[in-house]
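Participant: Please find final.csv (CSV, N, CA and C atoms) on the next line:
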chain,number,residue,atom,x,y,z
A,1,MET,N,13.7,3.1,-17.2
A,1,MET,CA,13.3,3.2,-15.8
A,1,MET,C,12.1,4.2,-15.7
A,2,THR,N,11.1,3.8,-14.9
A,2,THR,CA,9.9,4.6,-14.7
A,2,THR,C,10.2,5.7,-13.8
A,3,GLN,N,9.7,6.9,-14.1
A,3,GLN,CA,9.8,8.0,-13.2
A,3,GLN,C,9.1,7.7,-11.9
A,4,PHE,N,9.6,8.1,-10.7
A,4,PHE,CA,9.0,7.8,-9.5
A,4,PHE,C,7.9,8.9,-9.2
A,5,SER,N,6.8,8.5,-8.7
A,5,SER,CA,5.8,9.4,-8.2
A,5,SER,C,5.0,8.7,-7.1
A,6,VAL,N,4.5,9.5,-6.2
A,6,VAL,CA,3.5,9.0,-5.2
A,6,VAL,C,2.4,10.1,-5.1
A,7,THR,N,1.2,9.6,-5.3
A,7,THR,CA,0.0,10.5,-5.3
A,7,THR,C,-1.0,10.0,-4.3
A,8,GLN,N,-1.6,10.9,-3.7
A,8,GLN,CA,-2.7,10.5,-2.7
A,8,GLN,C,-4.0,11.0,-3.2
A,9,SER,N,-5.0,10.2,-3.0
A,9,SER,CA,-6.4,10.5,-3.4
A,9,SER,C,-7.4,9.8,-2.5
A,10,TYR,N,-8.6,10.1,-2.7
A,10,TYR,CA,-9.7,9.4,-2.0
A,10,TYR,C,-10.6,8.8,-3.0
A,11,ASN,N,-10.9,7.5,-2.8
A,11,ASN,CA,-11.7,6.8,-3.7
A,11,ASN,C,-13.0,6.5,-3.1
A,12,GLU,N,-14.1,7.1,-3.6
A,12,GLU,CA,-15.4,6.9,-3.0
A,12,GLU,C,-15.9,5.5,-3.1
A,13,ALA,N,-15.6,4.8,-4.2
A,13,ALA,CA,-16.1,3.4,-4.3
A,13,ALA,C,-15.5,2.5,-3.2
A,14,PHE,N,-14.2,2.8,-2.8
A,14,PHE,CA,-13.6,2.0,-1.8
A,14,PHE,C,-13.8,2.6,-0.4
A,15,SER,N,-14.3,3.8,-0.4
A,15,SER,CA,-14.4,4.6,0.9
A,15,SER,C,-13.0,4.6,1.6
A,16,SER,N,-12.0,4.9,0.8
A,16,SER,CA,-10.7,4.8,1.3
A,16,SER,C,-9.7,5.8,0.7
A,17,ASP,N,-8.7,6.2,1.5
A,17,ASP,CA,-7.6,6.9,0.9
A,17,ASP,C,-6.8,5.9,0.1
A,18,VAL,N,-6.2,6.4,-1.0
A,18,VAL,CA,-5.4,5.6,-1.9
A,18,VAL,C,-4.0,6.3,-2.1
A,19,LEU,N,-2.9,5.5,-1.8
A,19,LEU,CA,-1.6,6.0,-2.2
A,19,LEU,C,-1.2,5.2,-3.4
A,20,GLN,N,-1.0,5.9,-4.5
A,20,GLN,CA,-0.5,5.3,-5.7
A,20,GLN,C,1.0,5.5,-5.9
A,21,ILE,N,1.7,4.5,-6.0
A,21,ILE,CA,3.2,4.6,-6.1
A,21,ILE,C,3.6,4.1,-7.5
A,22,GLN,N,4.3,4.9,-8.2
A,22,GLN,CA,4.7,4.6,-9.6
A,22,GLN,C,6.3,4.6,-9.5
A,23,GLY,N,6.9,3.6,-10.1
A,23,GLY,CA,8.3,3.5,-10.2
A,23,GLY,C,8.8,2.5,-9.1
A,24,GLU,N,10.0,2.8,-8.5
A,24,GLU,CA,10.6,2.0,-7.5
A,24,GLU,C,10.4,2.4,-6.1
A,25,LEU,N,10.0,1.5,-5.3
A,25,LEU,CA,9.8,1.8,-3.8
A,25,LEU,C,11.1,1.3,-3.1
A,26,ASP,N,12.0,2.2,-2.9
A,26,ASP,CA,13.3,1.7,-2.3
A,26,ASP,C,13.8,2.8,-1.3
A,27,VAL,N,15.0,2.6,-0.9
A,27,VAL,CA,15.6,3.4,0.1
A,27,VAL,C,15.6,4.9,-0.3
A,28,HIS,N,15.6,5.2,-1.5
A,28,HIS,CA,15.7,6.6,-2.0
A,28,HIS,C,14.3,7.2,-2.0
A,29,THR,N,13.2,6.4,-2.3
A,29,THR,CA,11.9,7.0,-2.4
A,29,THR,C,11.0,6.8,-1.2
A,30,CYS,N,11.4,5.9,-0.3
A,30,CYS,CA,10.6,5.6,0.9
A,30,CYS,C,10.3,6.9,1.7
A,31,PRO,N,11.2,7.8,1.9
A,31,PRO,CA,10.9,9.0,2.7
A,31,PRO,C,9.7,9.8,2.2
A,32,MET,N,9.6,9.9,0.9
A,32,MET,CA,8.4,10.6,0.3
A,32,MET,C,7.1,9.8,0.5
A,33,VAL,N,7.2,8.5,0.4
A,33,VAL,CA,6.0,7.7,0.6
A,33,VAL,C,5.6,7.8,2.1
A,34,LYS,N,6.5,7.7,3.0
A,34,LYS,CA,6.2,7.7,4.4
A,34,LYS,C,5.6,9.1,4.8
A,35,GLU,N,6.1,10.1,4.2
A,35,GLU,CA,5.6,11.5,4.5
A,35,GLU,C,4.1,11.6,4.0
A,36,LYS,N,3.8,11.1,2.8
A,36,LYS,CA,2.4,11.1,2.4
A,36,LYS,C,1.5,10.2,3.2
A,37,ALA,N,2.1,9.1,3.6
A,37,ALA,CA,1.3,8.1,4.4
A,37,ALA,C,1.0,8.7,5.8
A,38,GLU,N,1.9,9.4,6.4
A,38,GLU,CA,1.7,9.9,7.7
A,38,GLU,C,0.6,11.0,7.7
A,39,VAL,N,0.4,11.7,6.7
A,39,VAL,CA,-0.7,12.7,6.6
A,39,VAL,C,-2.0,11.9,6.6
A,40,ILE,N,-2.1,10.8,5.9
A,40,ILE,CA,-3.3,10.0,5.9
A,40,ILE,C,-3.5,9.3,7.2
A,41,LEU,N,-2.5,8.7,7.8
A,41,LEU,CA,-2.6,8.0,9.1
A,41,LEU,C,-3.0,8.9,10.2
A,42,ASP,N,-2.6,10.2,10.2
A,42,ASP,CA,-3.0,11.1,11.2
A,42,ASP,C,-4.5,11.3,11.3
A,43,ALA,N,-5.2,11.0,10.2
A,43,ALA,CA,-6.6,11.1,10.2
A,43,ALA,C,-7.3,9.9,10.7
A,44,SER,N,-6.6,8.8,11.1
A,44,SER,CA,-7.1,7.6,11.7
A,44,SER,C,-8.2,6.9,10.7
A,45,PRO,N,-7.8,6.6,9.5
A,45,PRO,CA,-8.8,6.0,8.6
A,45,PRO,C,-9.0,4.5,9.0
A,46,SER,N,-10.1,4.0,8.5
A,46,SER,CA,-10.3,2.6,8.8
A,46,SER,C,-9.7,1.6,7.8
A,47,LYS,N,-9.3,2.2,6.6
A,47,LYS,CA,-8.6,1.4,5.6
A,47,LYS,C,-7.7,2.4,4.8
A,48,LEU,N,-6.7,1.8,4.2
A,48,LEU,CA,-5.8,2.5,3.3
A,48,LEU,C,-5.4,1.5,2.2
A,49,VAL,N,-5.5,2.0,1.0
A,49,VAL,CA,-5.2,1.3,-0.2
A,49,VAL,C,-3.8,1.7,-0.7
A,50,LEU,N,-2.9,0.8,-0.9
A,50,LEU,CA,-1.6,1.1,-1.6
A,50,LEU,C,-1.7,0.5,-3.0
A,51,ASP,N,-1.8,1.4,-3.9
A,51,ASP,CA,-1.9,1.0,-5.3
A,51,ASP,C,-0.5,0.9,-5.9
A,52,LEU,N,0.0,-0.4,-6.0
A,52,LEU,CA,1.3,-0.7,-6.5
A,52,LEU,C,1.3,-1.3,-7.9
A,53,ASP,N,0.2,-1.0,-8.6
A,53,ASP,CA,0.1,-1.6,-10.0
A,53,ASP,C,1.1,-1.0,-10.9
A,54,GLN,N,1.6,0.2,-10.6
A,54,GLN,CA,2.7,0.8,-11.5
A,54,GLN,C,4.0,0.8,-10.8
A,55,THR,N,4.2,0.0,-9.7
A,55,THR,CA,5.4,-0.1,-9.0
A,55,THR,C,6.2,-1.2,-9.6
A,56,SER,N,7.5,-0.9,-10.0
A,56,SER,CA,8.3,-1.9,-10.7
A,56,SER,C,9.3,-2.6,-9.8
A,57,TYR,N,9.5,-2.1,-8.6
A,57,TYR,CA,10.5,-2.8,-7.7
A,57,TYR,C,10.3,-2.3,-6.3
A,58,ILE,N,10.4,-3.3,-5.3
A,58,ILE,CA,10.4,-3.0,-3.9
A,58,ILE,C,11.6,-3.6,-3.2
A,59,ASP,N,12.3,-2.8,-2.4
A,59,ASP,CA,13.4,-3.4,-1.7
A,59,ASP,C,13.0,-3.5,-0.2
A,60,SER,N,13.9,-4.0,0.7
A,60,SER,CA,13.5,-4.2,2.1
A,60,SER,C,13.1,-2.9,2.8
A,61,THR,N,13.6,-1.8,2.4
A,61,THR,CA,13.2,-0.5,3.0
A,61,THR,C,11.7,-0.3,2.6
A,62,GLY,N,11.4,-0.5,1.4
A,62,GLY,CA,10.0,-0.4,0.9
A,62,GLY,C,9.0,-1.3,1.7
A,63,LEU,N,9.5,-2.5,1.9
A,63,LEU,CA,8.6,-3.5,2.7
A,63,LEU,C,8.5,-2.9,4.1
A,64,GLY,N,9.5,-2.4,4.6
A,64,GLY,CA,9.5,-1.8,6.0
A,64,GLY,C,8.5,-0.7,6.1
A,65,VAL,N,8.4,0.2,5.1
A,65,VAL,CA,7.4,1.3,5.1
A,65,VAL,C,6.0,0.7,5.0
A,66,ILE,N,5.8,-0.3,4.2
A,66,ILE,CA,4.5,-0.9,4.2
A,66,ILE,C,4.1,-1.5,5.5
A,67,VAL,N,5.0,-2.2,6.1
A,67,VAL,CA,4.8,-2.8,7.5
A,67,VAL,C,4.5,-1.7,8.5
A,68,TYR,N,5.3,-0.6,8.4
A,68,TYR,CA,5.0,0.5,9.3
A,68,TYR,C,3.6,1.0,9.2
A,69,MET,N,3.1,1.2,7.9
A,69,MET,CA,1.8,1.7,7.7
A,69,MET,C,0.8,0.7,8.3
A,70,ALA,N,1.0,-0.6,8.1
A,70,ALA,CA,0.1,-1.6,8.6
A,70,ALA,C,0.0,-1.6,10.1
A,71,LYS,N,1.2,-1.4,10.8
A,71,LYS,CA,1.2,-1.3,12.2
A,71,LYS,C,0.4,-0.1,12.7
A,72,GLN,N,0.6,1.0,12.1
A,72,GLN,CA,-0.1,2.2,12.4
A,72,GLN,C,-1.6,2.0,12.2
A,73,MET,N,-2.0,1.4,11.2
A,73,MET,CA,-3.4,1.1,10.9
A,73,MET,C,-4.0,0.1,11.9
A,74,ALA,N,-3.2,-0.9,12.2
A,74,ALA,CA,-3.7,-1.9,13.2
A,74,ALA,C,-3.9,-1.3,14.6
A,75,ASP,N,-3.0,-0.3,14.9
A,75,ASP,CA,-3.2,0.4,16.2
A,75,ASP,C,-4.5,1.2,16.2
A,76,GLN,N,-5.0,1.5,15.0
A,76,GLN,CA,-6.3,2.2,14.9
A,76,GLN,C,-7.4,1.3,14.5
A,77,SER,N,-7.2,0.0,14.6
A,77,SER,CA,-8.2,-1.0,14.1
A,77,SER,C,-8.5,-0.9,12.6
A,78,GLY,N,-7.5,-0.5,11.8
A,78,GLY,CA,-7.7,-0.3,10.4
A,78,GLY,C,-6.9,-1.4,9.6
A,79,THR,N,-7.1,-1.4,8.3
A,79,THR,CA,-6.6,-2.4,7.4
A,79,THR,C,-5.9,-1.7,6.2
A,80,VAL,N,-4.8,-2.4,5.8
A,80,VAL,CA,-4.1,-1.9,4.6
A,80,VAL,C,-4.3,-2.9,3.5
A,81,TYR,N,-4.7,-2.4,2.3
A,81,TYR,CA,-4.9,-3.3,1.1
A,81,TYR,C,-3.8,-2.9,0.1
A,82,VAL,N,-3.1,-3.9,-0.4
A,82,VAL,CA,-2.1,-3.7,-1.4
A,82,VAL,C,-2.7,-4.2,-2.7
A,83,LEU,N,-2.9,-3.2,-3.6
A,83,LEU,CA,-3.5,-3.5,-4.9
A,83,LEU,C,-2.4,-3.6,-6.0
A,84,THR,N,-2.2,-4.8,-6.5
A,84,THR,CA,-1.2,-5.0,-7.6
A,84,THR,C,-1.5,-6.2,-8.4
A,85,SER,N,-1.3,-6.1,-9.7
A,85,SER,CA,-1.3,-7.3,-10.6
A,85,SER,C,0.1,-7.7,-11.0
A,86,GLN,N,1.1,-6.9,-10.6
A,86,GLN,CA,2.5,-7.0,-11.0
A,86,GLN,C,3.1,-8.3,-10.4
A,87,PRO,N,3.5,-9.3,-11.2
A,87,PRO,CA,4.0,-10.6,-10.7
A,87,PRO,C,5.2,-10.4,-9.7
A,88,GLN,N,6.1,-9.5,-10.1
A,88,GLN,CA,7.3,-9.4,-9.2
A,88,GLN,C,6.9,-8.8,-7.9
A,89,ILE,N,6.0,-7.9,-7.8
A,89,ILE,CA,5.5,-7.3,-6.5
A,89,ILE,C,4.8,-8.3,-5.7
A,90,ARG,N,3.9,-9.1,-6.4
A,90,ARG,CA,3.1,-10.1,-5.7
A,90,ARG,C,4.1,-11.2,-5.1
A,91,LYS,N,5.1,-11.5,-5.8
A,91,LYS,CA,6.1,-12.5,-5.3
A,91,LYS,C,6.8,-12.0,-4.1
A,92,VAL,N,7.3,-10.7,-4.1
A,92,VAL,CA,7.9,-10.1,-2.9
A,92,VAL,C,7.0,-10.2,-1.7
A,93,TYR,N,5.7,-9.8,-1.9
A,93,TYR,CA,4.7,-9.9,-0.9
A,93,TYR,C,4.6,-11.3,-0.3
A,94,GLU,N,4.5,-12.3,-1.2
A,94,GLU,CA,4.3,-13.7,-0.7
A,94,GLU,C,5.6,-14.2,0.0
A,95,VAL,N,6.8,-14.0,-0.6
A,95,VAL,CA,8.0,-14.5,-0.1
A,95,VAL,C,8.4,-13.8,1.2
A,96,SER,N,8.1,-12.5,1.4
A,96,SER,CA,8.5,-11.8,2.6
A,96,SER,C,7.6,-12.2,3.8
A,97,GLY,N,6.5,-12.7,3.6
A,97,GLY,CA,5.6,-13.0,4.7
A,97,GLY,C,4.8,-11.9,5.3
A,98,ILE,N,4.9,-10.7,4.6
A,98,ILE,CA,4.2,-9.5,5.2
A,98,ILE,C,2.7,-9.7,5.2
A,99,GLY,N,2.2,-10.7,4.5
A,99,GLY,CA,0.7,-11.0,4.5
A,99,GLY,C,0.3,-11.5,5.9
A,100,ARG,N,1.2,-11.8,6.8
A,100,ARG,CA,0.8,-12.2,8.2
A,100,ARG,C,0.6,-11.0,9.0
A,101,GLN,N,0.9,-9.8,8.5
A,101,GLN,CA,0.7,-8.6,9.1
A,101,GLN,C,-0.8,-8.2,8.8
A,102,ASN,N,-1.1,-6.9,9.0
A,102,ASN,CA,-2.4,-6.4,8.7
A,102,ASN,C,-2.5,-5.9,7.3
A,103,ILE,N,-2.0,-6.7,6.4
A,103,ILE,CA,-1.9,-6.3,5.0
A,103,ILE,C,-2.5,-7.3,4.1
A,104,HIS,N,-3.5,-6.9,3.2
A,104,HIS,CA,-4.2,-7.8,2.4
A,104,HIS,C,-3.8,-7.5,0.9
A,105,LEU,N,-3.4,-8.5,0.2
A,105,LEU,CA,-3.1,-8.4,-1.2
A,105,LEU,C,-4.3,-8.6,-2.1
A,106,VAL,N,-4.5,-7.7,-3.0
A,106,VAL,CA,-5.6,-7.9,-4.0
A,106,VAL,C,-5.1,-7.6,-5.4
A,107,ALA,N,-5.7,-8.3,-6.4
A,107,ALA,CA,-5.1,-8.2,-7.7
A,107,ALA,C,-5.7,-7.1,-8.5
A,108,ASP,N,-6.9,-6.7,-8.2
A,108,ASP,CA,-7.6,-5.6,-9.0
A,108,ASP,C,-8.7,-4.9,-8.2
A,109,GLN,N,-9.2,-3.9,-8.8
A,109,GLN,CA,-10.2,-3.1,-8.1
A,109,GLN,C,-11.5,-3.9,-7.8
A,110,GLU,N,-11.9,-4.8,-8.6
A,110,GLU,CA,-13.1,-5.6,-8.3
A,110,GLU,C,-12.8,-6.4,-7.1
A,111,GLU,N,-11.7,-7.1,-7.0
A,111,GLU,CA,-11.4,-7.8,-5.8
A,111,GLU,C,-11.3,-6.9,-4.5
A,112,LEU,N,-10.7,-5.8,-4.7
A,112,LEU,CA,-10.7,-4.8,-3.6
A,112,LEU,C,-12.1,-4.5,-3.1
A,113,LEU,N,-13.0,-4.2,-4.0
A,113,LEU,CA,-14.4,-3.8,-3.7
A,113,LEU,C,-15.0,-5.0,-2.9
A,114,ARG,N,-14.7,-6.2,-3.4
A,114,ARG,CA,-15.3,-7.4,-2.8
A,114,ARG,C,-14.8,-7.6,-1.4
A,115,VAL,N,-13.5,-7.5,-1.1
A,115,VAL,CA,-13.0,-7.8,0.2
A,115,VAL,C,-13.0,-6.7,1.2
A,116,SER,N,-13.0,-5.4,0.6
A,116,SER,CA,-13.0,-4.3,1.6
A,116,SER,C,-14.3,-3.9,2.1
A,117,THR,N,-15.4,-4.4,1.5
A,117,THR,CA,-16.7,-4.0,2.0
A,117,THR,C,-17.4,-5.1,2.8
A,118,VAL,N,-16.6,-6.2,3.1
A,118,VAL,CA,-17.2,-7.3,3.9
A,118,VAL,C,-17.3,-6.8,5.4
Can you turn what I pasted into structure tokens?
Facilitator:
Amino acid sequence: MTQFSVTQSYNEAFSSDVLQIQGELDVHTCPMVKEKAEVILDASPSKLVLDLDQTSYIDSTGLGVIVYMAKQMADQSGTVYVLTSQPQIRKVYEVSGIGRQNIHLVADQEELLRVSTV
């Protein structure tokens, strides 16, 4: 099992705050993710990148936190980008329908640069 961590940084290339989540995003870890996200959201950014490339599992609580972030961003006319190449995470995204929210799935940094600068 991968050790859980959530780190916040700013990426100049994306002109965006990035939350990188490693390990499982579930009922036990969501409070830490939401706490870090709220610090970013308080600054009213135009975009937020969730780097889930090192995320091994998401439960319904994790999806709820992502939707919460997307709603907060939409209220500020912002966008959330979920960056992951993990097949299991991409499948959860697709099956859950959260793509109908203000959440865009990208496979890698090149795709993120392409879609987030349009």
Participant: My list of candidates is A:Met69, A:Leu19, A:Val27, A:Leu52. Which is closest to A:Asp108 when distances are computed with only C-alpha atoms?
Facilitator: A:Leu52
Participant: Measuring between only C-alpha atoms, which one of A:Gln8, A:Ser16, A:Thr55, A:Ser85 shows the shortest distance to A:Glu35?
Facilitator: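 Ranked by minimum distance to A:Glu35, first place goes to A:Gln8.
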Participant: For stretch 89-98 of chain A, list every protein, DNA or RNA residue within 7 Å, evaluated using all atoms listed in the file, and leave out those in the same chain fewer than 4 positions away; present the list as a PyMOL selection string.
Facilitator: chain A and resi 55-58+84-85+102-103
Participant: Atom C of A:Asp42 to atom N of A:Thr7: how many Å, to one decimal?
Facilitator: 17.6 Å
Participant: I'd like the interatomic distance between atom N of A:Gln20 and atom C of A:Lys36, to a tenth of an Å.
Facilitator: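 Interatomic distance, atom N of A:Gln20 to atom C of A:Lys36: 9.2 Å.
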Participant: Give me every strand (DSSP E) residue in chain A, going by DSSP on the backbone, as a short mmCIF file (atom, residue, chain, number, x, y, z; two decimals) with N, CA and C atoms, in the coordinates of the input.
Facilitator:
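Output contents, as saved in out22.cif:
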data_model
loop_
_atom_site.label_atom_id
_atom_site.label_comp_id
_atom_site.auth_asym_id
_atom_site.auth_seq_id
_atom_site.Cartn_x
_atom_site.Cartn_y
_atom_site.Cartn_z
N SER A 5 6.80 8.50 -8.70
CA SER A 5 5.80 9.40 -8.20
C SER A 5 5.00 8.70 -7.10
N VAL A 6 4.50 9.50 -6.20
CA VAL A 6 3.50 9.00 -5.20
C VAL A 6 2.40 10.10 -5.10
N THR A 7 1.20 9.60 -5.30
CA THR A 7 0.00 10.50 -5.30
C THR A 7 -1.00 10.00 -4.30
N GLN A 8 -1.60 10.90 -3.70
CA GLN A 8 -2.70 10.50 -2.70
C GLN A 8 -4.00 11.00 -3.20
N SER A 9 -5.00 10.20 -3.00
CA SER A 9 -6.40 10.50 -3.40
C SER A 9 -7.40 9.80 -2.50
N TYR A 10 -8.60 10.10 -2.70
CA TYR A 10 -9.70 9.40 -2.00
C TYR A 10 -10.60 8.80 -3.00
N ASN A 11 -10.90 7.50 -2.80
CA ASN A 11 -11.70 6.80 -3.70
C ASN A 11 -13.00 6.50 -3.10
N SER A 16 -12.00 4.90 0.80
CA SER A 16 -10.70 4.80 1.30
C SER A 16 -9.70 5.80 0.70
N ASP A 17 -8.70 6.20 1.50
CA ASP A 17 -7.60 6.90 0.90
C ASP A 17 -6.80 5.90 0.10
N VAL A 18 -6.20 6.40 -1.00
CA VAL A 18 -5.40 5.60 -1.90
C VAL A 18 -4.00 6.30 -2.10
N LEU A 19 -2.90 5.50 -1.80
CA LEU A 19 -1.60 6.00 -2.20
C LEU A 19 -1.20 5.20 -3.40
N GLN A 20 -1.00 5.90 -4.50
CA GLN A 20 -0.50 5.30 -5.70
C GLN A 20 1.00 5.50 -5.90
N ILE A 21 1.70 4.50 -6.00
CA ILE A 21 3.20 4.60 -6.10
C ILE A 21 3.60 4.10 -7.50
N GLN A 22 4.30 4.90 -8.20
CA GLN A 22 4.70 4.60 -9.60
C GLN A 22 6.30 4.60 -9.50
N GLY A 23 6.90 3.60 -10.10
CA GLY A 23 8.30 3.50 -10.20
C GLY A 23 8.80 2.50 -9.10
N GLU A 24 10.00 2.80 -8.50
CA GLU A 24 10.60 2.00 -7.50
C GLU A 24 10.40 2.40 -6.10
N LEU A 25 10.00 1.50 -5.30
CA LEU A 25 9.80 1.80 -3.80
C LEU A 25 11.10 1.30 -3.10
N LYS A 47 -9.30 2.20 6.60
CA LYS A 47 -8.60 1.40 5.60
C LYS A 47 -7.70 2.40 4.80
N LEU A 48 -6.70 1.80 4.20
CA LEU A 48 -5.80 2.50 3.30
C LEU A 48 -5.40 1.50 2.20
N VAL A 49 -5.50 2.00 1.00
CA VAL A 49 -5.20 1.30 -0.20
C VAL A 49 -3.80 1.70 -0.70
N LEU A 50 -2.90 0.80 -0.90
CA LEU A 50 -1.60 1.10 -1.60
C LEU A 50 -1.70 0.50 -3.00
N ASP A 51 -1.80 1.40 -3.90
CA ASP A 51 -1.90 1.00 -5.30
C ASP A 51 -0.50 0.90 -5.90
N THR A 55 4.20 0.00 -9.70
CA THR A 55 5.40 -0.10 -9.00
C THR A 55 6.20 -1.20 -9.60
N SER A 56 7.50 -0.90 -10.00
CA SER A 56 8.30 -1.90 -10.70
C SER A 56 9.30 -2.60 -9.80
N TYR A 57 9.50 -2.10 -8.60
CA TYR A 57 10.50 -2.80 -7.70
C TYR A 57 10.30 -2.30 -6.30
N ILE A 58 10.40 -3.30 -5.30
CA ILE A 58 10.40 -3.00 -3.90
C ILE A 58 11.60 -3.60 -3.20
N THR A 79 -7.10 -1.40 8.30
CA THR A 79 -6.60 -2.40 7.40
C THR A 79 -5.90 -1.70 6.20
N VAL A 80 -4.80 -2.40 5.80
CA VAL A 80 -4.10 -1.90 4.60
C VAL A 80 -4.30 -2.90 3.50
N TYR A 81 -4.70 -2.40 2.30
CA TYR A 81 -4.90 -3.30 1.10
C TYR A 81 -3.80 -2.90 0.10
N VAL A 82 -3.10 -3.90 -0.40
CA VAL A 82 -2.10 -3.70 -1.40
C VAL A 82 -2.70 -4.20 -2.70
N LEU A 83 -2.90 -3.20 -3.60
CA LEU A 83 -3.50 -3.50 -4.90
C LEU A 83 -2.40 -3.60 -6.00
N ILE A 103 -2.00 -6.70 6.40
CA ILE A 103 -1.90 -6.30 5.00
C ILE A 103 -2.50 -7.30 4.10
N HIS A 104 -3.50 -6.90 3.20
CA HIS A 104 -4.20 -7.80 2.40
C HIS A 104 -3.80 -7.50 0.90
N LEU A 105 -3.40 -8.50 0.20
CA LEU A 105 -3.10 -8.40 -1.20
C LEU A 105 -4.30 -8.60 -2.10
N VAL A 106 -4.50 -7.70 -3.00
CA VAL A 106 -5.60 -7.90 -4.00
C VAL A 106 -5.10 -7.60 -5.40
#
Participant: Give the answer as one residue: which of A:Gln22, A:Thr61, A:Gln86, A:Ser15 has the shortest atom-to-atom distance to A:Val49, using all atoms listed in the file?
Facilitator: A:Ser15
Participant: Which residues come within 6.5 Å of stretch 113-117 of chain A, counting all atoms listed in the file, excluding same-chain residues fewer than 2 positions away, as a list of chain:residue names?
Facilitator: A:Ala13, A:Phe14, A:Asp108, A:Gln109, A:Glu110, A:Glu111
Participant: Any idea what's packed within 8 Å of A:Ala70, counting only C-alpha atoms, ignoring anything in its chain fewer than 3 positions away? Could you give it as a PDB file with N, CA and C atoms, in the coordinates of the input?
Facilitator:
ATOM      1  N   ILE A  66       5.800  -0.300   4.200  1.00  0.00           N
ATOM      2  CA  ILE A  66       4.500  -0.900   4.200  1.00  0.00           C
ATOM      3  C   ILE A  66       4.100  -1.500   5.500  1.00  0.00           C
ATOM      4  N   VAL A  67       5.000  -2.200   6.100  1.00  0.00           N
ATOM      5  CA  VAL A  67       4.800  -2.800   7.500  1.00  0.00           C
ATOM      6  C   VAL A  67       4.500  -1.700   8.500  1.00  0.00           C
ATOM      7  N   MET A  73      -2.000   1.400  11.200  1.00  0.00           N
ATOM      8  CA  MET A  73      -3.400   1.100  10.900  1.00  0.00           C
ATOM      9  C   MET A  73      -4.000   0.100  11.900  1.00  0.00           C
ATOM     10  N   ALA A  74      -3.200  -0.900  12.200  1.00  0.00           N
ATOM     11  CA  ALA A  74      -3.700  -1.900  13.200  1.00  0.00           C
ATOM     12  C   ALA A  74      -3.900  -1.300  14.600  1.00  0.00           C
ATOM     13  N   THR A  79      -7.100  -1.400   8.300  1.00  0.00           N
ATOM     14  CA  THR A  79      -6.600  -2.400   7.400  1.00  0.00           C
ATOM     15  C   THR A  79      -5.900  -1.700   6.200  1.00  0.00           C
ATOM     16  N   VAL A  80      -4.800  -2.400   5.800  1.00  0.00           N
ATOM     17  CA  VAL A  80      -4.100  -1.900   4.600  1.00  0.00           C
ATOM     18  C   VAL A  80      -4.300  -2.900   3.500  1.00  0.00           C
ATOM     19  N   GLN A 101       0.900  -9.800   8.500  1.00  0.00           N
ATOM     20  CA  GLN A 101       0.700  -8.600   9.100  1.00  0.00           C
ATOM     21  C   GLN A 101      -0.800  -8.200   8.800  1.00  0.00           C
ATOM     22  N   ASN A 102      -1.100  -6.900   9.000  1.00  0.00           N
ATOM     23  CA  ASN A 102      -2.400  -6.400   8.700  1.00  0.00           C
ATOM     24  C   ASN A 102      -2.500  -5.900   7.300  1.00  0.00           C
ATOM     25  N   ILE A 103      -2.000  -6.700   6.400  1.00  0.00           N
ATOM     26  CA  ILE A 103      -1.900  -6.300   5.000  1.00  0.00           C
ATOM     27  C   ILE A 103      -2.500  -7.300   4.100  1.00  0.00           C
TER      28      ILE A 103
END
Participant: So what do you get for atom CA of A:Leu50 versus atom CA of A:Ile21, distance-wise?
Facilitator: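 Going from atom CA of A:Leu50 over to atom CA of A:Ile21, I get 7.5 Å.
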Participant: Could you please write out, as a PyMOL selection string, every residue of chain A that DSSP assigns to helix (DSSP H, G or I)?
Facilitator: chain A and resi 30-41+60-75+87-96+98-100+109-116
Participant: Between A:Gln88, A:Ser5, A:Gln76, A:Ser46, which one has atoms that come closest to A:Asp17, using only C-alpha atoms?
Facilitator: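 Once distances to A:Asp17 are computed over only C-alpha atoms, the minimum belongs to A:Ser46.
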Participant: Point out the residue among A:Ser9, A:Gln72, A:Thr29, A:Thr2 with the least atom-to-atom distance to A:Asp51, counting only C-alpha atoms.
Facilitator: A:Ser9
Participant: I need the residue nearest A:Pro45 from this list: A:Glu24, A:Val18, A:Gly62, A:Gly78. Use all atoms listed in the file for the distance.
Facilitator: A:Gly78
